[in-house]
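*Asks:* Below is work05.txt; it holds compact mmCIF, C-alpha atoms.
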# COMPACT_ATOMS: atom_id res chain seq x y z
CA MET J 37 85.05 91.09 33.79
CA GLY J 38 83.45 93.16 36.53
CA LEU J 39 82.57 90.06 38.54
CA THR J 40 86.12 88.75 38.24
CA VAL J 41 87.57 91.99 39.57
CA LEU J 42 85.05 91.96 42.43
CA LEU J 43 85.95 88.40 43.39
CA MET J 44 89.67 89.18 43.25
CA SER J 45 89.19 92.16 45.56
CA PHE J 46 87.64 89.88 48.14
CA MET J 47 90.46 87.36 47.76
CA ILE J 48 93.25 89.90 48.30
CA LYS J 49 94.23 89.75 51.95
CA ARG J 50 94.79 93.07 53.64
CA GLU J 51 98.32 93.82 54.74
CA PRO J 52 98.65 93.49 58.53
CA VAL J 53 98.94 96.59 60.66
CA LYS J 54 102.51 96.92 61.88
CA VAL J 55 103.10 97.35 65.61
CA TYR J 56 106.60 98.78 66.03
CA LEU J 57 108.36 98.58 69.38
CA ILE J 58 111.22 100.91 70.23
CA GLY J 59 113.11 100.87 73.49
CA ASP J 60 115.84 99.13 75.46
CA SER J 61 116.87 95.64 76.57
CA THR J 62 113.67 95.01 78.54
CA VAL J 63 111.70 95.27 75.27
CA ALA J 64 114.20 93.64 72.87
CA ASP J 65 113.79 90.38 70.94
CA TYR J 66 116.87 88.28 71.72
CA SER J 67 115.67 85.38 69.60
CA LEU J 68 116.77 87.39 66.56
CA GLU J 69 120.41 86.96 67.63
CA THR J 70 122.61 84.18 66.30
CA ASP J 71 122.77 81.11 68.58
CA TYR J 72 120.23 82.61 70.96
CA MET J 73 119.53 79.34 72.78
CA GLN J 74 123.23 78.72 73.44
CA LYS J 75 124.32 82.30 74.16
CA ARG J 76 121.42 84.21 75.75
CA TYR J 77 118.46 81.99 76.69
CA PRO J 78 116.43 82.31 78.94
CA LEU J 79 116.88 86.09 78.57
CA THR J 80 113.63 87.41 77.07
CA GLY J 81 112.35 90.91 76.37
CA TRP J 82 108.61 91.54 76.60
CA GLY J 83 108.54 92.54 72.94
CA GLN J 84 109.86 89.10 72.08
CA VAL J 85 106.60 87.48 73.25
CA PHE J 86 104.19 90.28 72.36
CA GLN J 87 103.03 88.80 69.05
CA GLN J 88 101.06 86.08 70.84
CA PHE J 89 98.82 88.79 72.30
CA LEU J 90 97.99 90.13 68.83
CA ILE J 91 96.47 87.04 67.26
CA LYS J 92 93.08 87.24 65.55
CA ASP J 93 90.91 86.62 68.61
CA SER J 94 92.91 89.03 70.79
CA LEU J 95 92.73 91.76 68.16
CA LYS J 96 88.97 91.94 68.63
CA ASN J 97 89.70 93.71 71.91
CA LEU J 98 91.90 96.26 70.15
CA ASN J 99 89.64 97.27 67.28
CA HIS J 100 89.66 100.85 68.56
CA LEU J 101 93.39 100.90 67.71
CA ILE J 102 93.85 98.23 65.05
CA LYS J 103 91.08 98.10 62.46
CA ASN J 104 92.33 94.93 60.85
CA ASP J 105 92.15 91.19 61.42
CA SER J 106 95.94 90.86 61.57
CA ALA J 107 98.85 92.70 63.15
CA LEU J 108 102.59 92.13 62.93
CA VAL J 109 104.96 93.03 65.76
CA ILE J 110 108.25 94.53 64.56
CA ASP J 111 110.56 94.77 67.55
CA GLN J 112 113.27 97.37 66.94
CA ALA J 113 114.26 97.73 70.61
CA LYS J 114 117.94 97.26 71.42
CA GLY J 115 119.81 96.68 74.66
CA GLY J 116 121.65 99.62 76.17
CA ARG J 117 119.80 102.27 74.20
CA SER J 118 118.33 105.48 75.53
CA THR J 119 116.01 107.90 73.75
CA ARG J 120 119.11 109.73 72.51
CA SER J 121 121.38 106.85 71.49
CA PHE J 122 118.53 105.05 69.69
CA PHE J 123 118.08 108.18 67.59
CA GLU J 124 121.77 108.99 67.11
CA GLU J 125 122.53 105.50 65.79
CA GLY J 126 120.01 105.97 62.98
CA ARG J 127 117.60 103.35 64.28
CA TRP J 128 114.67 105.76 64.34
CA LYS J 129 115.40 107.09 60.86
CA ALA J 130 115.41 103.55 59.46
CA LEU J 131 112.07 102.80 61.11
CA LEU J 132 110.48 105.99 59.78
CA THR J 133 111.18 104.95 56.19
CA THR J 134 108.85 101.94 56.61
CA LEU J 135 106.22 103.50 58.89
CA LYS J 136 102.75 103.75 57.34
CA LYS J 137 99.41 105.30 58.17
CA ASN J 138 97.58 103.52 61.02
CA ASP J 139 100.65 101.59 62.16
CA LEU J 140 101.35 101.71 65.91
CA VAL J 141 104.60 102.76 67.57
CA LEU J 142 105.04 101.71 71.22
CA ILE J 143 107.77 103.73 72.93
CA GLN J 144 109.44 102.56 76.17
CA PHE J 145 112.75 104.07 77.27
CA GLY J 146 114.15 105.18 80.62
CA HIS J 147 116.45 102.47 81.98
CA ASN J 148 119.48 103.79 80.13
CA ASP J 149 118.50 107.45 79.97
CA ALA J 150 118.97 107.53 83.76
CA ALA J 151 122.50 106.05 83.67
CA LYS J 152 124.58 109.07 84.77
CA ASP J 153 127.71 106.91 84.93
CA LYS J 154 127.41 106.10 81.21
CA PRO J 155 127.60 109.37 79.27
CA GLU J 156 127.07 107.63 75.93
CA ARG J 157 123.57 106.74 77.14
CA TYR J 158 122.62 109.34 79.72
CA VAL J 159 119.84 111.82 78.99
CA ASP J 160 118.59 114.27 81.62
CA ILE J 161 114.87 114.82 82.17
CA PRO J 162 114.51 117.82 79.80
CA GLY J 163 116.39 115.92 77.10
CA TYR J 164 114.35 112.77 77.71
CA LYS J 165 111.14 114.74 77.23
CA LYS J 166 112.53 116.35 74.08
CA PHE J 167 113.27 113.00 72.45
CA LEU J 168 109.91 111.55 73.50
CA ARG J 169 108.16 114.53 71.90
CA MET J 170 110.14 113.95 68.72
CA TYR J 171 109.17 110.28 68.53
CA VAL J 172 105.51 111.16 69.09
CA ASN J 173 105.40 114.04 66.62
CA GLU J 174 107.27 112.24 63.84
CA THR J 175 105.08 109.16 64.28
CA ARG J 176 101.98 111.30 63.95
CA ALA J 177 103.41 113.06 60.90
CA LYS J 178 103.38 109.67 59.18
CA GLY J 179 99.75 109.11 60.07
CA ALA J 180 100.75 106.40 62.54
CA LYS J 181 99.72 106.10 66.18
CA PRO J 182 102.25 106.69 69.00
CA ILE J 183 101.78 105.16 72.44
CA LEU J 184 104.09 106.09 75.30
CA ILE J 185 105.03 103.54 77.96
CA THR J 186 106.73 104.31 81.27
CA PRO J 187 109.78 102.10 82.01
CA VAL J 188 109.01 98.65 83.37
CA THR J 189 110.14 98.39 86.98
CA ARG J 190 113.29 96.67 88.19
CA ASN J 191 113.11 94.11 91.01
CA TYR J 192 114.02 96.77 93.60
CA PRO J 193 113.59 98.63 95.90
CA TRP J 194 111.36 96.48 98.11
CA LYS J 195 110.08 97.79 101.44
CA ASN J 196 107.67 95.97 103.74
CA GLY J 197 106.66 93.61 100.94
CA VAL J 198 105.92 96.40 98.46
CA LEU J 199 107.99 97.05 95.34
CA GLY J 200 108.82 100.68 94.64
CA SER J 201 110.39 102.38 91.63
CA ALA J 202 114.08 102.66 90.81
CA HIS J 203 113.44 105.08 87.94
CA GLY J 204 113.33 108.41 89.73
CA GLU J 205 111.64 111.20 87.76
CA TYR J 206 111.62 109.38 84.41
CA PRO J 207 108.19 107.71 84.67
CA GLN J 208 106.57 111.04 85.59
CA ALA J 209 108.35 112.68 82.64
CA VAL J 210 106.64 110.20 80.30
CA MET J 211 103.28 110.99 81.90
CA ASP J 212 103.97 114.73 81.51
CA VAL J 213 104.73 114.40 77.78
CA ALA J 214 101.65 112.24 77.29
CA LYS J 215 99.47 114.90 78.88
CA GLU J 216 101.19 117.75 77.04
CA LEU J 217 100.77 116.15 73.60
CA SER J 218 97.48 114.32 74.32
CA VAL J 219 99.07 110.98 73.47
CA PRO J 220 98.01 107.63 75.01
CA VAL J 221 100.23 106.32 77.79
CA ILE J 222 100.56 103.01 79.60
CA ASP J 223 101.98 103.42 83.10
CA LEU J 224 103.98 100.21 83.03
CA THR J 225 106.12 101.33 85.97
CA THR J 226 103.12 101.23 88.28
CA LEU J 227 101.42 98.26 86.63
CA SER J 228 104.52 96.07 86.84
CA ALA J 229 105.31 97.11 90.43
CA ASP J 230 101.75 96.26 91.46
CA LEU J 231 101.91 92.88 89.71
CA PHE J 232 105.25 91.95 91.27
CA THR J 233 104.09 93.09 94.70
CA SER J 234 101.05 90.81 94.40
CA LYS J 235 103.33 87.86 93.55
CA GLY J 236 105.92 88.60 96.25
CA ILE J 237 109.67 89.18 96.16
CA ASP J 238 110.70 85.53 96.37
CA PHE J 239 108.43 84.43 93.52
CA VAL J 240 109.34 87.18 91.06
CA THR J 241 113.05 87.01 91.88
CA LYS J 242 113.14 83.31 91.08
CA ASN J 243 110.59 83.04 88.27
CA TYR J 244 110.44 86.40 86.50
CA PHE J 245 113.89 87.99 86.64
CA MET J 246 117.21 86.61 85.42
CA ASN J 247 118.32 85.13 88.73
CA LEU J 248 119.58 81.71 87.68
CA ASP J 249 121.16 78.76 89.46
CA SER J 250 124.54 77.57 88.22
CA GLY J 251 124.56 74.70 85.76
CA LYS J 252 120.94 75.15 84.68
CA TYR J 253 121.42 76.98 81.39
CA VAL J 254 124.14 76.62 78.75
CA ALA J 255 124.51 80.39 78.40
CA TYR J 256 124.99 80.93 82.14
CA PRO J 257 127.04 78.00 83.50
CA LYS J 258 127.93 79.96 86.66
CA GLY J 259 124.40 81.19 87.16
CA GLN J 260 123.25 84.80 87.09
CA LYS J 261 121.96 87.54 89.39
CA ASP J 262 120.04 90.11 87.40
CA ASN J 263 117.04 92.05 88.70
CA THR J 264 116.42 94.09 85.56
CA HIS J 265 115.96 91.57 82.73
CA PHE J 266 113.36 88.86 82.35
CA GLN J 267 113.03 85.14 81.99
CA PRO J 268 110.24 84.00 79.61
CA ASP J 269 107.51 83.94 82.29
CA GLY J 270 108.36 87.46 83.43
CA ALA J 271 108.46 88.81 79.88
CA LYS J 272 105.09 87.24 79.13
CA GLU J 273 103.48 88.84 82.17
CA ILE J 274 104.83 92.27 81.16
CA ALA J 275 103.62 91.77 77.59
CA ARG J 276 100.21 90.91 79.03
CA LEU J 277 100.21 94.18 81.00
CA VAL J 278 100.99 96.13 77.83
CA TYR J 279 98.21 94.33 75.95
CA GLU J 280 95.74 95.05 78.76
CA GLY J 281 96.91 98.67 78.70
CA LEU J 282 96.20 98.91 74.97
CA LYS J 283 92.69 97.60 75.55
CA LYS J 284 91.96 100.50 77.89
CA ILE J 285 93.30 103.30 75.70
CA ASN J 286 90.80 106.02 74.91
CA ILE J 287 90.95 106.70 71.17
CA SER J 288 90.01 110.33 71.76
CA SER J 289 93.59 110.81 72.99
CA MET J 290 95.15 109.53 69.76
Can the structure from this file be put into structure tokens for me?

*Replies:*
Amino acid sequence: MGLTVLLMSFMIKREPVKVYLIGDSTVADYSLETDYMQKRYPLTGWGQVFQQFLIKDSLKNLNHLIKNDSALVIDQAKGGRSTRSFFEEGRWKALLTTLKKNDLVLIQFGHNDAAKDKPERYVDIPGYKKFLRMYVNETRAKGAKPILITPVTRNYPWKNGVLGSAHGEYPQAVMDVAKELSVPVIDLTTLSADLFTSKGIDFVTKNYFMNLDSGKYVAYPKGQKDNTHFQPDGAKEIARLVYEGLKKINISSM
């Protein structure tokens, strides 16, 4: 009987660590929507392609964060949401009910928090910090691991071949909260701007962002000019930056 129980214990596969993503449209998984290929493709959030960076071989580089041989990405990000509206709509509360010890929560907001012309989204810097603190503290209260991420850059402003930031004080606010609460942070604003600068404005505009020729995609028969959201190649490069950022996190700051 004892041997049987021992063998069964080896046969039972451990439940994968959950990697929750919360944020806005740049993180969202559009493939979850009905008729995605006809209505939204090639629009792609970086969270949509993040699972491919958390396969068994890749996880070996993240064993300081994920002590398991499997991880499952659960992308809860939603377009148009700020730190405040994501919370007020009950999305955070729903996530908390499933959050378990040692799960990860990756937090990237800022695009919509800064939208002063949209009061249903807008959150000033003090409010932004307040909500980020809440997400961090409530994640930790569940025994899970929060990771803050500064907002991924837009495809502007460019000056002399160098891409700057369109996010004002919001990236620094994330860094401030990270330091205040000793929580890991990935400076995706800087990382993405540096990557896009290395590729050049013409390349990233055509290949990474949603700038589309007319007649090429069913969902955009008239084409599209969008320097915020990503095509698949752009989303994959941002997901790669996040993965590389996770590799470098110092666990002493968890």

*Asks:* Which neighbours of J:Ala107 fall inside 12 Å, counting only C-alpha atoms, when residues of the same chain fewer than 3 positions from it are skipped, and could you give them as a PDB file with C-alpha atoms, keeping the file's coordinate frame?

*Replies:*
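Writing the result to result-v8.pdb gives the following:
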ATOM      1  CA  ARG J  50      94.790  93.070  53.640  1.00  0.00           C
ATOM      2  CA  GLU J  51      98.320  93.820  54.740  1.00  0.00           C
ATOM      3  CA  PRO J  52      98.650  93.490  58.530  1.00  0.00           C
ATOM      4  CA  VAL J  53      98.940  96.590  60.660  1.00  0.00           C
ATOM      5  CA  LYS J  54     102.510  96.920  61.880  1.00  0.00           C
ATOM      6  CA  VAL J  55     103.100  97.350  65.610  1.00  0.00           C
ATOM      7  CA  TYR J  56     106.600  98.780  66.030  1.00  0.00           C
ATOM      8  CA  PHE J  86     104.190  90.280  72.360  1.00  0.00           C
ATOM      9  CA  GLN J  87     103.030  88.800  69.050  1.00  0.00           C
ATOM     10  CA  GLN J  88     101.060  86.080  70.840  1.00  0.00           C
ATOM     11  CA  PHE J  89      98.820  88.790  72.300  1.00  0.00           C
ATOM     12  CA  LEU J  90      97.990  90.130  68.830  1.00  0.00           C
ATOM     13  CA  ILE J  91      96.470  87.040  67.260  1.00  0.00           C
ATOM     14  CA  LYS J  92      93.080  87.240  65.550  1.00  0.00           C
ATOM     15  CA  ASP J  93      90.910  86.620  68.610  1.00  0.00           C
ATOM     16  CA  SER J  94      92.910  89.030  70.790  1.00  0.00           C
ATOM     17  CA  LEU J  95      92.730  91.760  68.160  1.00  0.00           C
ATOM     18  CA  LYS J  96      88.970  91.940  68.630  1.00  0.00           C
ATOM     19  CA  LEU J  98      91.900  96.260  70.150  1.00  0.00           C
ATOM     20  CA  ASN J  99      89.640  97.270  67.280  1.00  0.00           C
ATOM     21  CA  LEU J 101      93.390 100.900  67.710  1.00  0.00           C
ATOM     22  CA  ILE J 102      93.850  98.230  65.050  1.00  0.00           C
ATOM     23  CA  LYS J 103      91.080  98.100  62.460  1.00  0.00           C
ATOM     24  CA  ASN J 104      92.330  94.930  60.850  1.00  0.00           C
ATOM     25  CA  ILE J 110     108.250  94.530  64.560  1.00  0.00           C
ATOM     26  CA  ASN J 138      97.580 103.520  61.020  1.00  0.00           C
ATOM     27  CA  ASP J 139     100.650 101.590  62.160  1.00  0.00           C
ATOM     28  CA  LEU J 140     101.350 101.710  65.910  1.00  0.00           C
TER      29      LEU J 140
END

*Asks:* Give me the residues near J:Val159 as a list of chain:residue names, where near means some atom within 6 Å (using all atoms listed in the file) and where sequence neighbours in that chain fewer than 3 positions away do not count.

*Replies:*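 Answer for this query is J:Asp149, J:Gly163, J:Tyr164.
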
*Asks:* With distances taken over all atoms listed in the file, which residue among J:Asn191, J:Ser121, J:Gln84, J:Gln267 lies nearest J:Leu68?

*Replies:*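 Once distances to J:Leu68 are computed over all atoms listed in the file, the minimum belongs to J:Gln84.
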
*Asks:* Pick the closest to J:Val188 from J:Met170, J:Leu224, J:Ala271, J:Leu135: which is it, counting only C-alpha atoms?

*Replies:*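 For J:Val188, the nearest of the given residues is J:Leu224.
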
*Asks:* Return the single residue from J:Leu132, J:Ala113, J:Val141, J:Ala150 that is closest to J:His203, with distances computed using only C-alpha atoms.

*Replies:*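 The shortest atom-to-atom distance to J:His203 comes from J:Ala150.
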
*Asks:* Please compute the atom CA of J:Gly281-atom CA of J:Gln208 distance, one decimal, in Å.

*Replies:*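 For atom CA of J:Gly281 relative to atom CA of J:Gln208, the distance reads 17.1 Å.
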
*Asks:* In Å, how far is it from atom CA of J:Ser67 to atom CA of J:Ile185?

*Replies:*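 Taking atom CA of J:Ser67 and atom CA of J:Ile185, their separation equals 22.6 Å.
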
*Asks:* For a quick check of your reading of the model, name the residues lying within 9 Å of the coordinate (114.3, 101.7, 76.5), counting all atoms listed in the file, and write them as a list in words.

*Replies:*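 Selection result: Ile58, Gly59, Asp60, Ser61, Thr62, Val63, Ala64, Ala113, Lys114, Gly115, Gly116, Arg117, Ser118, Thr119, Phe122, Ile143, Gln144, Phe145, Gly146, His147, Asn148, Asp149 and Pro187 of chain J.
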
*Asks:* Using all atoms listed in the file, which of J:Pro193, J:Pro220, J:Pro155, J:Pro207 sits nearest J:Lys284?

*Replies:* J:Pro220

*Asks:* Around (103.4, 103.4, 77.9) in the file's own coordinates, what residues are found within 6 Å if you use all atoms listed in the file, given back as a count of residues only?

*Replies:* 7

*Asks:* Enclose the full set of atoms of stretch 192-211 of chain J listed in the file within a box whose edges lie along x, y and z, apply 5 Å of padding to each of the six sides, and report centre and edge lengths in Å to one decimal as lines of an AutoDock Vina configuration file.

*Replies:*
center_x = 108.7
center_y = 103.1
center_z = 92.0
size_x = 20.8
size_y = 29.1
size_z = 33.4

*Asks:* By how many Å are atom CA of J:Phe245 and atom CA of J:Arg127 apart?

*Replies:* 27.4 Å

*Asks:* List the neighbours of J:Thr133 out to 12 Å using all atoms listed in the file; skip same-chain residues closer than 5 positions along the sequence, and give me the result as a list of chain:residue names.

*Replies:*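 Once the nearby chain positions are removed, what remains is J:Gly126, J:Arg127, J:Trp128, J:Glu174, J:Thr175, J:Lys178.
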
*Asks:* My list of candidates is J:Asn173, J:Ser106, J:Asn97, J:Thr264. Which is closest to J:Thr241 when distances are computed with all atoms listed in the file?

*Replies:* J:Thr264

*Asks:* Which of these residues is nearest to J:Asn196, using all atoms listed in the file: J:Ala214, J:Gln260, J:Ala177, J:Gly236?

*Replies:*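 With all atoms listed in the file as the atom set, the closest residue is J:Gly236.
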
*Asks:* Write out as a list of chain:residue names which residues come within 9 Å of J:Glu273 when counting only C-alpha atoms, dropping same-chain ones fewer than 6 positions away.

*Replies:*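 So the residues in contact are J:Trp82, J:Ser228, J:Leu231, J:Tyr244.
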
*Asks:* With all atoms listed in the file as the counted atoms, please give the residues lying no more than 8 Å from J:Asn243, apart from itself and same-chain residues fewer than 4 positions off, as a list in words.

*Replies:*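 The contact residues come out as Phe239, Gln267, Asp269 and Gly270 of chain J.
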
*Asks:* Using the structure block above, produce a file of stretch 150-166 of chain J that contains N, CA, C and O atoms, as an mmCIF file, in the first residue's frame.

*Replies:*
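Okay, result13.cif is ready:
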data_model
loop_
_atom_site.group_PDB
_atom_site.id
_atom_site.type_symbol
_atom_site.label_atom_id
_atom_site.label_comp_id
_atom_site.auth_asym_id
_atom_site.auth_seq_id
_atom_site.Cartn_x
_atom_site.Cartn_y
_atom_site.Cartn_z
ATOM 1 N N ALA J 150 -3.478 58.350 -18.168
ATOM 2 C CA ALA J 150 -3.041 59.696 -18.571
ATOM 3 C C ALA J 150 -4.036 60.437 -19.457
ATOM 4 O O ALA J 150 -3.790 61.585 -19.835
ATOM 5 N N ALA J 151 -5.167 59.802 -19.785
ATOM 6 C CA ALA J 151 -6.118 60.388 -20.740
ATOM 7 C C ALA J 151 -7.024 61.421 -20.058
ATOM 8 O O ALA J 151 -8.151 61.129 -19.655
ATOM 9 N N LYS J 152 -6.539 62.656 -19.947
ATOM 10 C CA LYS J 152 -7.308 63.718 -19.276
ATOM 11 C C LYS J 152 -8.630 64.006 -19.967
ATOM 12 O O LYS J 152 -9.591 64.448 -19.329
ATOM 13 N N ASP J 153 -8.701 63.767 -21.276
ATOM 14 C CA ASP J 153 -9.917 64.052 -22.027
ATOM 15 C C ASP J 153 -10.967 62.962 -21.882
ATOM 16 O O ASP J 153 -12.063 63.069 -22.439
ATOM 17 N N LYS J 154 -10.644 61.911 -21.115
ATOM 18 C CA LYS J 154 -11.594 60.809 -20.903
ATOM 19 C C LYS J 154 -11.727 60.561 -19.400
ATOM 20 O O LYS J 154 -11.031 59.725 -18.833
ATOM 21 N N PRO J 155 -12.633 61.307 -18.758
ATOM 22 C CA PRO J 155 -12.731 61.256 -17.300
ATOM 23 C C PRO J 155 -13.071 59.881 -16.737
ATOM 24 O O PRO J 155 -12.762 59.597 -15.574
ATOM 25 N N GLU J 156 -13.700 59.023 -17.551
ATOM 26 C CA GLU J 156 -14.025 57.680 -17.069
ATOM 27 C C GLU J 156 -12.771 56.814 -16.908
ATOM 28 O O GLU J 156 -12.802 55.782 -16.238
ATOM 29 N N ARG J 157 -11.664 57.284 -17.510
ATOM 30 C CA ARG J 157 -10.406 56.540 -17.424
ATOM 31 C C ARG J 157 -9.353 57.259 -16.584
ATOM 32 O O ARG J 157 -8.550 56.626 -15.918
ATOM 33 N N TYR J 158 -9.354 58.564 -16.676
ATOM 34 C CA TYR J 158 -8.236 59.371 -16.170
ATOM 35 C C TYR J 158 -7.961 59.155 -14.684
ATOM 36 O O TYR J 158 -8.879 59.119 -13.854
ATOM 37 N N VAL J 159 -6.681 59.032 -14.368
ATOM 38 C CA VAL J 159 -6.220 58.962 -12.985
ATOM 39 C C VAL J 159 -4.964 59.821 -12.879
ATOM 40 O O VAL J 159 -4.017 59.633 -13.651
ATOM 41 N N ASP J 160 -4.963 60.776 -11.946
ATOM 42 C CA ASP J 160 -3.774 61.617 -11.798
ATOM 43 C C ASP J 160 -2.645 60.816 -11.151
ATOM 44 O O ASP J 160 -2.837 59.660 -10.736
ATOM 45 N N ILE J 161 -1.472 61.400 -11.070
ATOM 46 C CA ILE J 161 -0.303 60.675 -10.577
ATOM 47 C C ILE J 161 -0.489 60.149 -9.148
ATOM 48 O O ILE J 161 -0.206 58.972 -8.876
ATOM 49 N N PRO J 162 -0.984 60.971 -8.201
ATOM 50 C CA PRO J 162 -1.199 60.426 -6.850
ATOM 51 C C PRO J 162 -2.180 59.253 -6.842
ATOM 52 O O PRO J 162 -1.964 58.258 -6.140
ATOM 53 N N GLY J 163 -3.250 59.371 -7.632
ATOM 54 C CA GLY J 163 -4.217 58.288 -7.706
ATOM 55 C C GLY J 163 -3.636 57.039 -8.345
ATOM 56 O O GLY J 163 -3.901 55.909 -7.919
ATOM 57 N N TYR J 164 -2.852 57.238 -9.392
ATOM 58 C CA TYR J 164 -2.173 56.139 -10.085
ATOM 59 C C TYR J 164 -1.293 55.360 -9.112
ATOM 60 O O TYR J 164 -1.337 54.123 -9.052
ATOM 61 N N LYS J 165 -0.525 56.091 -8.324
ATOM 62 C CA LYS J 165 0.335 55.438 -7.330
ATOM 63 C C LYS J 165 -0.504 54.690 -6.289
ATOM 64 O O LYS J 165 -0.139 53.577 -5.864
ATOM 65 N N LYS J 166 -1.608 55.280 -5.895
ATOM 66 C CA LYS J 166 -2.468 54.654 -4.890
ATOM 67 C C LYS J 166 -2.982 53.303 -5.375
ATOM 68 O O LYS J 166 -2.959 52.304 -4.639
#
